[in-house]
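One file, data-v2.csv, is given below (CSV, C-alpha atoms).
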chain,number,residue,atom,x,y,z
A,690,MET,CA,11.3,44.0,-107.0
A,691,SER,CA,8.3,42.6,-105.1
A,692,SER,CA,4.8,43.2,-106.5
A,693,ALA,CA,3.9,44.9,-103.2
A,694,LEU,CA,6.7,47.4,-103.7
A,695,ASP,CA,5.5,48.0,-107.3
A,696,GLU,CA,2.1,48.8,-105.8
A,697,LEU,CA,3.6,51.2,-103.3
A,698,LEU,CA,5.6,53.0,-105.9
A,699,ASP,CA,2.4,53.3,-108.0
A,700,LEU,CA,0.7,54.8,-105.0
A,701,LEU,CA,3.4,57.4,-104.7
A,702,ASP,CA,3.3,58.3,-108.4
A,703,LEU,CA,0.6,60.9,-108.0
A,704,GLU,CA,-1.6,62.1,-110.9
A,705,GLN,CA,-1.2,65.8,-111.7
A,706,ILE,CA,-4.6,67.2,-112.4
A,707,GLU,CA,-3.7,70.9,-112.6
A,708,GLN,CA,-0.7,73.1,-111.8
A,709,ASN,CA,0.1,72.6,-108.1
A,710,ILE,CA,-2.7,70.1,-107.7
A,711,PHE,CA,-2.2,66.3,-107.5
A,712,ARG,CA,-4.4,63.3,-106.8
A,713,GLY,CA,-3.6,60.1,-105.0
A,714,SER,CA,-5.3,56.9,-104.0
A,715,SER,CA,-4.9,54.6,-101.0
A,716,ARG,CA,-4.0,51.0,-100.5
A,717,SER,CA,-5.8,48.6,-98.2
A,718,ALA,CA,-4.9,49.4,-94.6
A,719,VAL,CA,-4.7,47.3,-91.5
A,720,VAL,CA,-7.4,49.5,-89.9
A,721,PRO,CA,-10.2,51.2,-91.8
A,722,ARG,CA,-8.5,54.6,-92.3
A,723,VAL,CA,-5.6,55.9,-94.4
A,724,PHE,CA,-2.2,55.0,-93.1
A,725,GLY,CA,-0.5,58.2,-91.8
A,726,GLY,CA,2.8,57.3,-93.4
A,727,GLN,CA,1.1,57.0,-96.8
A,728,VAL,CA,-0.5,60.5,-96.7
A,729,ALA,CA,2.8,62.0,-95.4
A,730,ALA,CA,4.8,60.4,-98.2
A,731,GLN,CA,2.3,61.4,-100.9
A,732,ALA,CA,2.2,65.0,-99.7
A,733,LEU,CA,6.0,65.1,-99.9
A,734,VAL,CA,5.9,63.7,-103.4
A,735,ALA,CA,3.4,66.5,-104.3
A,736,ALA,CA,5.7,69.1,-102.8
A,737,GLY,CA,8.8,67.6,-104.5
A,738,ARG,CA,7.2,67.6,-107.9
A,739,THR,CA,7.1,71.5,-107.8
A,740,VAL,CA,10.8,71.9,-106.8
A,741,PRO,CA,13.9,72.1,-109.1
A,742,ALA,CA,15.6,68.7,-109.4
A,743,ASP,CA,18.9,70.1,-107.8
A,744,ARG,CA,17.1,70.7,-104.5
A,745,THR,CA,16.6,67.9,-102.1
A,746,ALA,CA,14.3,67.7,-99.1
A,747,HIS,CA,16.0,68.5,-95.8
A,748,SER,CA,13.0,68.8,-93.5
A,749,LEU,CA,9.2,68.3,-93.1
A,750,HIS,CA,6.7,69.3,-90.4
A,751,SER,CA,3.2,68.0,-90.6
A,752,TYR,CA,-0.2,67.6,-88.7
A,753,PHE,CA,-2.7,64.9,-89.1
A,754,LEU,CA,-6.1,66.7,-88.9
A,755,ARG,CA,-8.8,64.1,-89.7
A,756,MET,CA,-9.0,60.4,-90.3
A,757,GLY,CA,-8.6,59.6,-94.0
A,758,ASP,CA,-11.1,57.6,-96.0
A,759,PRO,CA,-9.2,54.8,-97.8
A,760,GLY,CA,-12.0,54.4,-100.3
A,761,ALA,CA,-11.8,58.0,-101.6
A,762,PRO,CA,-9.1,59.8,-103.6
A,763,ILE,CA,-6.9,62.4,-101.8
A,764,VAL,CA,-6.3,65.7,-103.5
A,765,TYR,CA,-3.0,67.5,-102.7
A,766,THR,CA,-2.8,71.2,-103.2
A,767,VAL,CA,0.7,72.7,-103.2
A,768,ASP,CA,1.4,76.3,-102.2
A,769,ARG,CA,4.7,77.6,-103.4
A,770,ILE,CA,5.7,79.6,-100.3
A,771,ARG,CA,9.2,80.5,-101.2
A,772,ASP,CA,11.9,80.0,-103.9
A,773,GLY,CA,15.1,81.4,-102.6
A,774,GLY,CA,18.8,81.3,-103.7
A,775,SER,CA,19.5,78.1,-101.6
A,776,PHE,CA,16.1,77.0,-100.1
A,777,THR,CA,12.7,76.3,-101.4
A,778,THR,CA,9.6,76.0,-99.1
A,779,ARG,CA,6.3,74.3,-100.0
A,780,ARG,CA,3.1,73.9,-98.1
A,781,VAL,CA,0.7,71.0,-98.9
A,782,VAL,CA,-2.9,70.5,-97.9
A,783,ALA,CA,-4.4,67.0,-98.4
A,784,VAL,CA,-8.2,67.1,-98.9
A,785,GLN,CA,-11.0,64.5,-98.9
A,786,HIS,CA,-14.7,65.1,-99.1
A,787,GLY,CA,-14.1,68.8,-99.1
A,788,GLN,CA,-12.2,68.8,-95.8
A,789,PRO,CA,-8.4,69.0,-95.0
A,790,ILE,CA,-7.1,65.8,-93.5
A,791,PHE,CA,-3.4,66.5,-93.4
A,792,HIS,CA,-1.1,69.5,-93.6
A,793,LEU,CA,2.6,69.5,-94.5
A,794,SER,CA,5.4,72.1,-94.8
A,795,ALA,CA,8.6,70.9,-96.4
A,796,SER,CA,11.9,72.6,-97.1
A,797,PHE,CA,14.4,71.8,-99.9
A,798,GLN,CA,18.0,72.9,-100.3
A,799,THR,CA,20.7,73.0,-103.0
A,800,TYR,CA,23.8,71.0,-102.0
A,801,GLU,CA,26.5,72.9,-100.3
A,802,GLU,CA,29.6,72.1,-98.2
A,803,GLY,CA,29.5,73.0,-94.5
A,804,LEU,CA,30.5,72.0,-90.9
A,805,GLU,CA,30.3,68.3,-90.2
A,806,HIS,CA,29.7,66.3,-87.1
A,807,GLN,CA,27.2,63.6,-85.9
A,808,ALA,CA,26.3,61.5,-82.9
A,809,GLU,CA,27.7,57.9,-82.7
A,810,MET,CA,25.5,55.1,-84.0
A,811,PRO,CA,24.1,52.9,-81.3
A,812,ALA,CA,24.9,49.2,-81.2
A,813,ALA,CA,22.5,46.8,-82.9
A,814,PRO,CA,22.8,43.2,-84.3
A,815,ALA,CA,23.0,42.8,-88.0
A,816,PRO,CA,19.6,42.8,-89.7
A,817,GLU,CA,20.2,39.5,-91.5
A,818,THR,CA,20.3,37.8,-88.0
A,819,LEU,CA,16.8,38.9,-87.1
A,820,PRO,CA,13.5,37.3,-87.9
A,821,THR,CA,11.4,38.7,-90.7
A,822,ALA,CA,7.8,39.8,-90.2
A,823,ALA,CA,6.6,36.6,-91.8
A,824,GLU,CA,8.6,34.6,-89.2
A,825,LEU,CA,7.7,36.8,-86.2
A,826,LEU,CA,4.1,37.8,-86.4
A,827,PRO,CA,2.5,34.3,-86.6
A,828,ARG,CA,4.2,33.4,-83.2
A,829,TYR,CA,2.0,36.0,-81.5
A,830,ALA,CA,-1.3,35.5,-83.4
A,831,ASP,CA,-3.1,34.4,-80.2
A,832,ARG,CA,-2.3,37.9,-78.6
A,833,PHE,CA,-4.4,39.8,-81.1
A,834,VAL,CA,-8.1,40.6,-80.7
A,835,ASP,CA,-8.7,39.8,-84.4
A,836,ALA,CA,-7.2,36.6,-85.9
A,837,GLY,CA,-7.0,38.3,-89.3
A,838,VAL,CA,-4.6,41.0,-88.0
A,839,VAL,CA,-1.5,38.9,-88.9
A,840,ASN,CA,-2.4,38.6,-92.5
A,841,ARG,CA,-3.5,42.2,-92.8
A,842,LEU,CA,-0.2,43.4,-91.2
A,843,LEU,CA,1.9,41.2,-93.5
A,844,GLU,CA,0.0,42.4,-96.5
A,845,ALA,CA,0.2,46.1,-95.5
A,846,ARG,CA,4.0,45.9,-94.9
A,847,ALA,CA,4.9,43.6,-97.7
A,848,ALA,CA,6.7,46.4,-99.6
A,849,VAL,CA,9.1,46.8,-96.8
A,850,ASP,CA,11.4,44.3,-95.0
A,851,LEU,CA,11.1,45.5,-91.4
A,852,ARG,CA,12.8,43.5,-88.6
A,853,TYR,CA,12.6,44.2,-84.8
A,854,VAL,CA,15.9,44.1,-82.8
A,855,ASP,CA,14.0,43.2,-79.6
A,856,GLU,CA,10.5,41.9,-79.1
A,857,PRO,CA,7.8,44.2,-80.3
A,858,PRO,CA,5.2,45.6,-77.9
A,859,TYR,CA,2.6,43.0,-78.7
A,860,ALA,CA,5.0,40.3,-77.7
A,861,THR,CA,5.6,41.6,-74.2
A,862,ALA,CA,2.2,43.1,-73.3
A,863,GLY,CA,1.8,43.3,-69.5
A,864,ARG,CA,5.5,43.8,-68.9
A,865,PRO,CA,6.8,47.4,-68.8
A,866,ARG,CA,10.2,47.8,-70.4
A,867,GLU,CA,12.7,50.6,-71.2
A,868,PRO,CA,10.9,53.0,-73.5
A,869,ARG,CA,13.2,52.3,-76.4
A,870,SER,CA,12.8,50.2,-79.6
A,871,GLN,CA,15.0,49.5,-82.6
A,872,VAL,CA,14.1,48.1,-86.1
A,873,TRP,CA,16.0,47.6,-89.3
A,874,PHE,CA,14.1,48.3,-92.5
A,875,ARG,CA,14.6,48.6,-96.3
A,876,ALA,CA,12.4,48.5,-99.3
A,877,ASN,CA,11.7,45.0,-100.6
A,878,GLY,CA,13.5,45.6,-103.9
A,879,LYS,CA,15.8,47.9,-105.9
A,880,LEU,CA,14.7,51.5,-106.3
A,881,ALA,CA,15.6,54.1,-108.9
A,882,ASP,CA,18.4,56.6,-108.3
A,883,GLU,CA,16.0,59.4,-107.4
A,884,SER,CA,16.6,61.2,-104.1
A,885,LEU,CA,13.0,62.2,-103.6
A,886,LEU,CA,11.8,58.6,-103.9
A,887,HIS,CA,14.2,57.4,-101.2
A,888,VAL,CA,13.2,60.2,-98.9
A,889,CYS,CA,9.5,59.5,-99.5
A,890,LEU,CA,9.9,55.8,-98.8
A,891,ALA,CA,11.6,56.5,-95.5
A,892,THR,CA,8.8,58.9,-94.6
A,893,TYR,CA,6.3,56.2,-95.4
A,894,VAL,CA,8.0,53.7,-93.1
A,895,SER,CA,8.8,56.2,-90.3
A,896,ASP,CA,5.1,56.2,-89.2
A,897,MET,CA,5.0,52.4,-88.7
A,898,THR,CA,6.7,51.9,-85.4
A,899,LEU,CA,7.7,55.3,-83.9
A,900,LEU,CA,5.2,55.2,-81.0
A,901,ASP,CA,6.3,51.6,-80.0
A,902,SER,CA,8.5,53.0,-77.3
A,903,VAL,CA,5.6,54.7,-75.6
A,904,LEU,CA,3.8,51.4,-75.4
A,905,LEU,CA,6.8,49.6,-74.0
A,906,ALA,CA,7.2,52.0,-71.1
A,907,HIS,CA,3.7,51.0,-69.9
A,908,GLY,CA,3.6,47.3,-70.9
A,909,ARG,CA,1.0,48.0,-73.5
A,910,GLY,CA,0.7,45.7,-76.6
A,911,GLY,CA,-0.9,48.2,-79.0
A,912,TRP,CA,-4.2,48.6,-80.9
A,913,ALA,CA,-4.0,45.0,-82.3
A,914,VAL,CA,-3.9,43.6,-78.7
A,915,GLY,CA,-6.7,46.0,-77.8
A,916,ASP,CA,-5.1,47.6,-74.7
A,917,VAL,CA,-4.7,51.1,-76.3
A,918,VAL,CA,-6.3,53.2,-79.0
A,919,GLY,CA,-4.4,55.9,-80.7
A,920,ALA,CA,-3.5,57.9,-83.8
A,921,SER,CA,-0.7,60.1,-85.0
A,922,LEU,CA,-1.1,63.8,-84.3
A,923,ASP,CA,2.0,65.4,-85.8
A,924,HIS,CA,5.2,64.3,-87.5
A,925,ALA,CA,8.5,66.0,-88.2
A,926,MET,CA,11.6,64.8,-90.0
A,927,TRP,CA,15.1,66.2,-90.8
A,928,PHE,CA,17.1,64.6,-93.6
A,929,HIS,CA,20.8,65.1,-92.8
A,930,ARG,CA,22.7,63.0,-95.3
A,931,PRO,CA,22.0,61.1,-98.5
A,932,PHE,CA,20.8,57.5,-98.0
A,933,ARG,CA,19.1,54.7,-100.0
A,934,ALA,CA,15.8,53.3,-98.7
A,935,ASP,CA,16.6,50.0,-100.5
A,936,GLU,CA,19.6,49.5,-98.2
A,937,TRP,CA,19.4,48.6,-94.5
A,938,LEU,CA,18.5,51.5,-92.2
A,939,LEU,CA,18.5,51.3,-88.4
A,940,TYR,CA,15.5,53.1,-86.8
A,941,ASP,CA,16.5,53.8,-83.2
A,942,GLN,CA,13.4,55.0,-81.3
A,943,GLU,CA,12.7,56.2,-77.7
A,944,SER,CA,10.0,58.0,-75.8
A,945,PRO,CA,10.9,60.7,-73.4
A,946,SER,CA,7.4,61.5,-72.2
A,947,ALA,CA,3.7,60.5,-72.2
A,948,SER,CA,1.0,62.6,-70.6
A,949,GLY,CA,-2.5,64.0,-71.2
A,950,GLY,CA,-3.5,61.1,-73.4
A,951,ARG,CA,-0.5,61.8,-75.7
A,952,GLY,CA,2.8,60.0,-76.2
A,953,LEU,CA,6.0,61.4,-77.7
A,954,GLY,CA,8.4,59.4,-79.8
A,955,GLN,CA,11.8,60.6,-81.1
A,956,ALA,CA,14.2,58.7,-83.2
A,957,ARG,CA,17.3,58.6,-85.4
A,958,ILE,CA,17.7,56.7,-88.6
A,959,TRP,CA,21.2,55.4,-89.5
A,960,THR,CA,22.7,53.8,-92.6
A,961,GLN,CA,24.3,50.5,-92.0
A,962,ASP,CA,27.8,52.0,-92.3
A,963,GLY,CA,27.1,54.4,-89.4
A,964,ARG,CA,26.0,57.7,-91.1
A,965,LEU,CA,23.2,59.6,-89.3
A,966,ALA,CA,20.7,60.0,-92.1
A,967,ILE,CA,17.4,61.2,-90.5
A,968,THR,CA,16.0,62.5,-87.2
A,969,VAL,CA,12.3,62.0,-86.5
A,970,ILE,CA,9.9,63.3,-83.9
A,971,GLN,CA,6.2,62.4,-83.5
A,972,GLU,CA,3.4,62.9,-81.0
A,973,GLY,CA,0.4,60.7,-81.0
A,974,VAL,CA,-2.8,60.0,-79.1
A,975,VAL,CA,-2.2,57.0,-76.8
A,976,ARG,CA,-5.3,56.3,-74.7
A,977,VAL,CA,-6.3,53.3,-72.6
A,978,PRO,CA,-9.8,52.1,-73.6
A,979,ARG,CA,-12.6,52.9,-71.2
A,980,GLY,CA,-14.5,50.2,-69.6

Structure re-expressed in structure tokens:
Amino acid sequence: MSSALDELLDLLDLEQIEQNIFRGSSRSAVVPRVFGGQVAAQALVAAGRTVPADRTAHSLHSYFLRMGDPGAPIVYTVDRIRDGGSFTTRRVVAVQHGQPIFHLSASFQTYEEGLEHQAEMPAAPAPETLPTAAELLPRYADRFVDAGVVNRLLEARAAVDLRYVDEPPYATAGRPREPRSQVWFRANGKLADESLLHVCLATYVSDMTLLDSVLLAHGRGGWAVGDVVGASLDHAMWFHRPFRADEWLLYDQESPSASGGRGLGQARIWTQDGRLAITVIQEGVVRVPRG
């Protein structure tokens, strides 16, 4: 297991300070704010810690309310909304400096048999044939407004092996493309056999690239290139089938719409053997800088 993954797992191992109250810290981010995937994953950890072990997460719905301060602890308060015969519902509010910065509702379910069908997995090259982030990012260092971005990105994503199928937005800035993006990802090391951990790792990664397809449609390179500014607004996930976040997962993303300074990304996450594991939808602020 990589030291970066160890650090990420420590980050997700929240401190319980009272019944239904947990505290987490933040890791250094690429930009001076808390990474949205981190606060979403930590909130899901907090919710899961109050749920019976035989119930697994099947959905989450969340809103990013304020920019998080990476230098301050985050307090997560869990509201036990419902404990039913099959489903458990939790609401989590993340607070910094006395103000809520994030809100999450999550639902958990006991295992049961039911009807089964799924969409067909899209075609994609094998992940082992694609360049790693360490191989890809330095090629485009001259595209970024800050020369330190490459090292910060590599450090921030060192816990995850994430590989683009096609060129990322920063590589094709100025050339609009089909609003679709694919990446393979997996944790950079072996994880424990704990369902909540794998779900939280996937939640963490899901916020990294989902709005890429919005940028591609308009030939924008992203915040690191300096031709857009943005932030996540809301994030929803549905967990359909068991998966492991330390095995390759294909993140197939597209954008059906952008308007009003907002862009919508929707995606499906597949196991390498073709099982549909997760559906993700996110809307974010995507603005062209003024002047």

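Proximity ranking of A:Val767, A:Leu754, A:Ala862, A:Arg976 relative to Val917 in chain A places A:Arg976 first, based on all atoms listed in the file.
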
**Message:** List the spatial neighbours of Val903 in chain A as number ranges by chain - criterion: any atom at most 12 Å away, only C-alpha atoms, same-chain residues fewer than 4 positions off excluded.
**Reply:** A: 857-858, 865-870, 898-899, 907-911, 917, 919, 942-948, 950-955, 971-976

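Residue nearest Thr745 in chain A, chosen from A:Thr799, A:Ser714, A:Thr960, A:Gln785 and counting all atoms listed in the file: A:Thr799.
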
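For the pair CA of Asp768 in chain A and CA of Leu694 in chain A, the interatomic distance is 29.4 Å.
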
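From CA of Arg933 in chain A back to CA of Asp882 in chain A, the distance works out to 8.5 Å.
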
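Put simply, CA of Asp702 in chain A is 28.8 Å away from CA of Asp941 in chain A.
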
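Of the residues under consideration (A:Trp873, A:Trp959, A:Tyr859, A:Phe932), A:Trp959 shows the shortest atom-to-atom contact distance to Met810 in chain A when counting all atoms listed in the file.
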
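Taking only C-alpha atoms into account, His747 in chain A lies nearest to A:Leu733 out of the set A:Ala848, A:Ala815, A:Leu733, A:Val838.
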
Got a minute to add all heavy atoms to range 824-835 of chain A and dump it as a PDB file, in the coordinates of the input?
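selection-v3.pdb, freshly written:
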ATOM      1  N   GLU A 824       8.134  35.599 -90.213  1.00  0.00           N
ATOM      2  CA  GLU A 824       8.600  34.600 -89.200  1.00  0.00           C
ATOM      3  C   GLU A 824       8.082  35.041 -87.804  1.00  0.00           C
ATOM      4  O   GLU A 824       7.771  34.183 -86.966  1.00  0.00           O
ATOM      5  CB  GLU A 824      10.077  34.517 -89.206  1.00  0.00           C
ATOM      6  CG  GLU A 824      10.642  33.908 -90.485  1.00  0.00           C
ATOM      7  CD  GLU A 824      12.144  34.073 -90.605  1.00  0.00           C
ATOM      8  OE1 GLU A 824      12.715  34.979 -89.950  1.00  0.00           O
ATOM      9  OE2 GLU A 824      12.758  33.291 -91.356  1.00  0.00           O
ATOM     10  N   LEU A 825       8.017  36.345 -87.546  1.00  0.00           N
ATOM     11  CA  LEU A 825       7.700  36.800 -86.200  1.00  0.00           C
ATOM     12  C   LEU A 825       6.237  36.910 -85.874  1.00  0.00           C
ATOM     13  O   LEU A 825       5.788  36.425 -84.826  1.00  0.00           O
ATOM     14  CB  LEU A 825       8.361  38.221 -86.029  1.00  0.00           C
ATOM     15  CG  LEU A 825       8.278  38.853 -84.633  1.00  0.00           C
ATOM     16  CD1 LEU A 825       9.130  38.077 -83.638  1.00  0.00           C
ATOM     17  CD2 LEU A 825       8.725  40.315 -84.689  1.00  0.00           C
ATOM     18  N   LEU A 826       5.457  37.510 -86.757  1.00  0.00           N
ATOM     19  CA  LEU A 826       4.100  37.800 -86.400  1.00  0.00           C
ATOM     20  C   LEU A 826       3.227  36.549 -86.117  1.00  0.00           C
ATOM     21  O   LEU A 826       2.455  36.556 -85.140  1.00  0.00           O
ATOM     22  CB  LEU A 826       3.412  38.566 -87.591  1.00  0.00           C
ATOM     23  CG  LEU A 826       3.611  40.080 -87.557  1.00  0.00           C
ATOM     24  CD1 LEU A 826       3.280  40.702 -88.899  1.00  0.00           C
ATOM     25  CD2 LEU A 826       2.731  40.695 -86.466  1.00  0.00           C
ATOM     26  N   PRO A 827       3.334  35.456 -86.871  1.00  0.00           N
ATOM     27  CA  PRO A 827       2.500  34.300 -86.600  1.00  0.00           C
ATOM     28  C   PRO A 827       2.740  33.713 -85.157  1.00  0.00           C
ATOM     29  O   PRO A 827       1.847  33.071 -84.595  1.00  0.00           O
ATOM     30  CB  PRO A 827       2.884  33.283 -87.645  1.00  0.00           C
ATOM     31  CG  PRO A 827       3.361  34.115 -88.776  1.00  0.00           C
ATOM     32  CD  PRO A 827       4.072  35.269 -88.133  1.00  0.00           C
ATOM     33  N   ARG A 828       3.914  33.953 -84.586  1.00  0.00           N
ATOM     34  CA  ARG A 828       4.200  33.400 -83.200  1.00  0.00           C
ATOM     35  C   ARG A 828       3.267  34.047 -82.199  1.00  0.00           C
ATOM     36  O   ARG A 828       3.046  33.462 -81.136  1.00  0.00           O
ATOM     37  CB  ARG A 828       5.646  33.781 -82.845  1.00  0.00           C
ATOM     38  CG  ARG A 828       6.727  33.198 -83.724  1.00  0.00           C
ATOM     39  CD  ARG A 828       8.085  33.658 -83.219  1.00  0.00           C
ATOM     40  NE  ARG A 828       9.155  33.384 -84.169  1.00  0.00           N
ATOM     41  CZ  ARG A 828      10.397  33.820 -84.026  1.00  0.00           C
ATOM     42  NH1 ARG A 828      10.721  34.555 -82.967  1.00  0.00           N
ATOM     43  NH2 ARG A 828      11.323  33.538 -84.933  1.00  0.00           N
ATOM     44  N   TYR A 829       2.734  35.237 -82.493  1.00  0.00           N
ATOM     45  CA  TYR A 829       2.000  36.000 -81.500  1.00  0.00           C
ATOM     46  C   TYR A 829       0.508  36.154 -81.937  1.00  0.00           C
ATOM     47  O   TYR A 829      -0.198  37.021 -81.426  1.00  0.00           O
ATOM     48  CB  TYR A 829       2.607  37.318 -81.220  1.00  0.00           C
ATOM     49  CG  TYR A 829       4.027  37.181 -80.715  1.00  0.00           C
ATOM     50  CD1 TYR A 829       5.110  37.359 -81.575  1.00  0.00           C
ATOM     51  CD2 TYR A 829       4.284  36.828 -79.391  1.00  0.00           C
ATOM     52  CE1 TYR A 829       6.416  37.210 -81.121  1.00  0.00           C
ATOM     53  CE2 TYR A 829       5.590  36.682 -78.938  1.00  0.00           C
ATOM     54  CZ  TYR A 829       6.640  36.873 -79.806  1.00  0.00           C
ATOM     55  OH  TYR A 829       7.935  36.717 -79.351  1.00  0.00           O
ATOM     56  N   ALA A 830       0.058  35.340 -82.861  1.00  0.00           N
ATOM     57  CA  ALA A 830      -1.300  35.500 -83.400  1.00  0.00           C
ATOM     58  C   ALA A 830      -2.354  35.403 -82.297  1.00  0.00           C
ATOM     59  O   ALA A 830      -3.408  36.057 -82.371  1.00  0.00           O
ATOM     60  CB  ALA A 830      -1.560  34.437 -84.465  1.00  0.00           C
ATOM     61  N   ASP A 831      -2.082  34.612 -81.248  1.00  0.00           N
ATOM     62  CA  ASP A 831      -3.100  34.400 -80.200  1.00  0.00           C
ATOM     63  C   ASP A 831      -3.172  35.680 -79.290  1.00  0.00           C
ATOM     64  O   ASP A 831      -4.083  35.786 -78.465  1.00  0.00           O
ATOM     65  CB  ASP A 831      -2.727  33.228 -79.320  1.00  0.00           C
ATOM     66  CG  ASP A 831      -1.369  33.340 -78.655  1.00  0.00           C
ATOM     67  OD1 ASP A 831      -0.509  34.109 -79.152  1.00  0.00           O
ATOM     68  OD2 ASP A 831      -1.149  32.660 -77.631  1.00  0.00           O
ATOM     69  N   ARG A 832      -2.264  36.646 -79.437  1.00  0.00           N
ATOM     70  CA  ARG A 832      -2.300  37.900 -78.600  1.00  0.00           C
ATOM     71  C   ARG A 832      -3.274  38.900 -79.188  1.00  0.00           C
ATOM     72  O   ARG A 832      -3.678  39.820 -78.481  1.00  0.00           O
ATOM     73  CB  ARG A 832      -0.907  38.517 -78.547  1.00  0.00           C
ATOM     74  CG  ARG A 832       0.220  37.581 -78.138  1.00  0.00           C
ATOM     75  CD  ARG A 832       0.234  37.321 -76.654  1.00  0.00           C
ATOM     76  NE  ARG A 832       1.321  36.420 -76.278  1.00  0.00           N
ATOM     77  CZ  ARG A 832       2.526  36.826 -75.898  1.00  0.00           C
ATOM     78  NH1 ARG A 832       2.797  38.121 -75.859  1.00  0.00           N
ATOM     79  NH2 ARG A 832       3.447  35.942 -75.546  1.00  0.00           N
ATOM     80  N   PHE A 833      -3.622  38.762 -80.456  1.00  0.00           N
ATOM     81  CA  PHE A 833      -4.400  39.800 -81.100  1.00  0.00           C
ATOM     82  C   PHE A 833      -5.903  39.565 -80.947  1.00  0.00           C
ATOM     83  O   PHE A 833      -6.373  38.424 -80.910  1.00  0.00           O
ATOM     84  CB  PHE A 833      -4.061  39.847 -82.608  1.00  0.00           C
ATOM     85  CG  PHE A 833      -2.598  40.116 -82.877  1.00  0.00           C
ATOM     86  CD1 PHE A 833      -1.904  39.372 -83.820  1.00  0.00           C
ATOM     87  CD2 PHE A 833      -1.910  41.093 -82.178  1.00  0.00           C
ATOM     88  CE1 PHE A 833      -0.563  39.607 -84.071  1.00  0.00           C
ATOM     89  CE2 PHE A 833      -0.572  41.334 -82.410  1.00  0.00           C
ATOM     90  CZ  PHE A 833       0.114  40.593 -83.361  1.00  0.00           C
ATOM     91  N   VAL A 834      -6.641  40.663 -80.860  1.00  0.00           N
ATOM     92  CA  VAL A 834      -8.100  40.600 -80.700  1.00  0.00           C
ATOM     93  C   VAL A 834      -8.787  40.050 -81.930  1.00  0.00           C
ATOM     94  O   VAL A 834      -9.894  39.528 -81.869  1.00  0.00           O
ATOM     95  CB  VAL A 834      -8.671  41.952 -80.297  1.00  0.00           C
ATOM     96  CG1 VAL A 834      -8.181  42.372 -78.920  1.00  0.00           C
ATOM     97  CG2 VAL A 834      -8.306  43.018 -81.325  1.00  0.00           C
ATOM     98  N   ASP A 835      -8.134  40.191 -83.080  1.00  0.00           N
ATOM     99  CA  ASP A 835      -8.700  39.800 -84.400  1.00  0.00           C
ATOM    100  C   ASP A 835      -7.689  38.819 -85.012  1.00  0.00           C
ATOM    101  O   ASP A 835      -6.548  39.197 -85.283  1.00  0.00           O
ATOM    102  CB  ASP A 835      -8.959  40.982 -85.232  1.00  0.00           C
ATOM    103  CG  ASP A 835      -9.470  40.624 -86.621  1.00  0.00           C
ATOM    104  OD1 ASP A 835      -9.591  39.426 -86.938  1.00  0.00           O
ATOM    105  OD2 ASP A 835      -9.742  41.561 -87.397  1.00  0.00           O
TER     106      ASP A 835
END
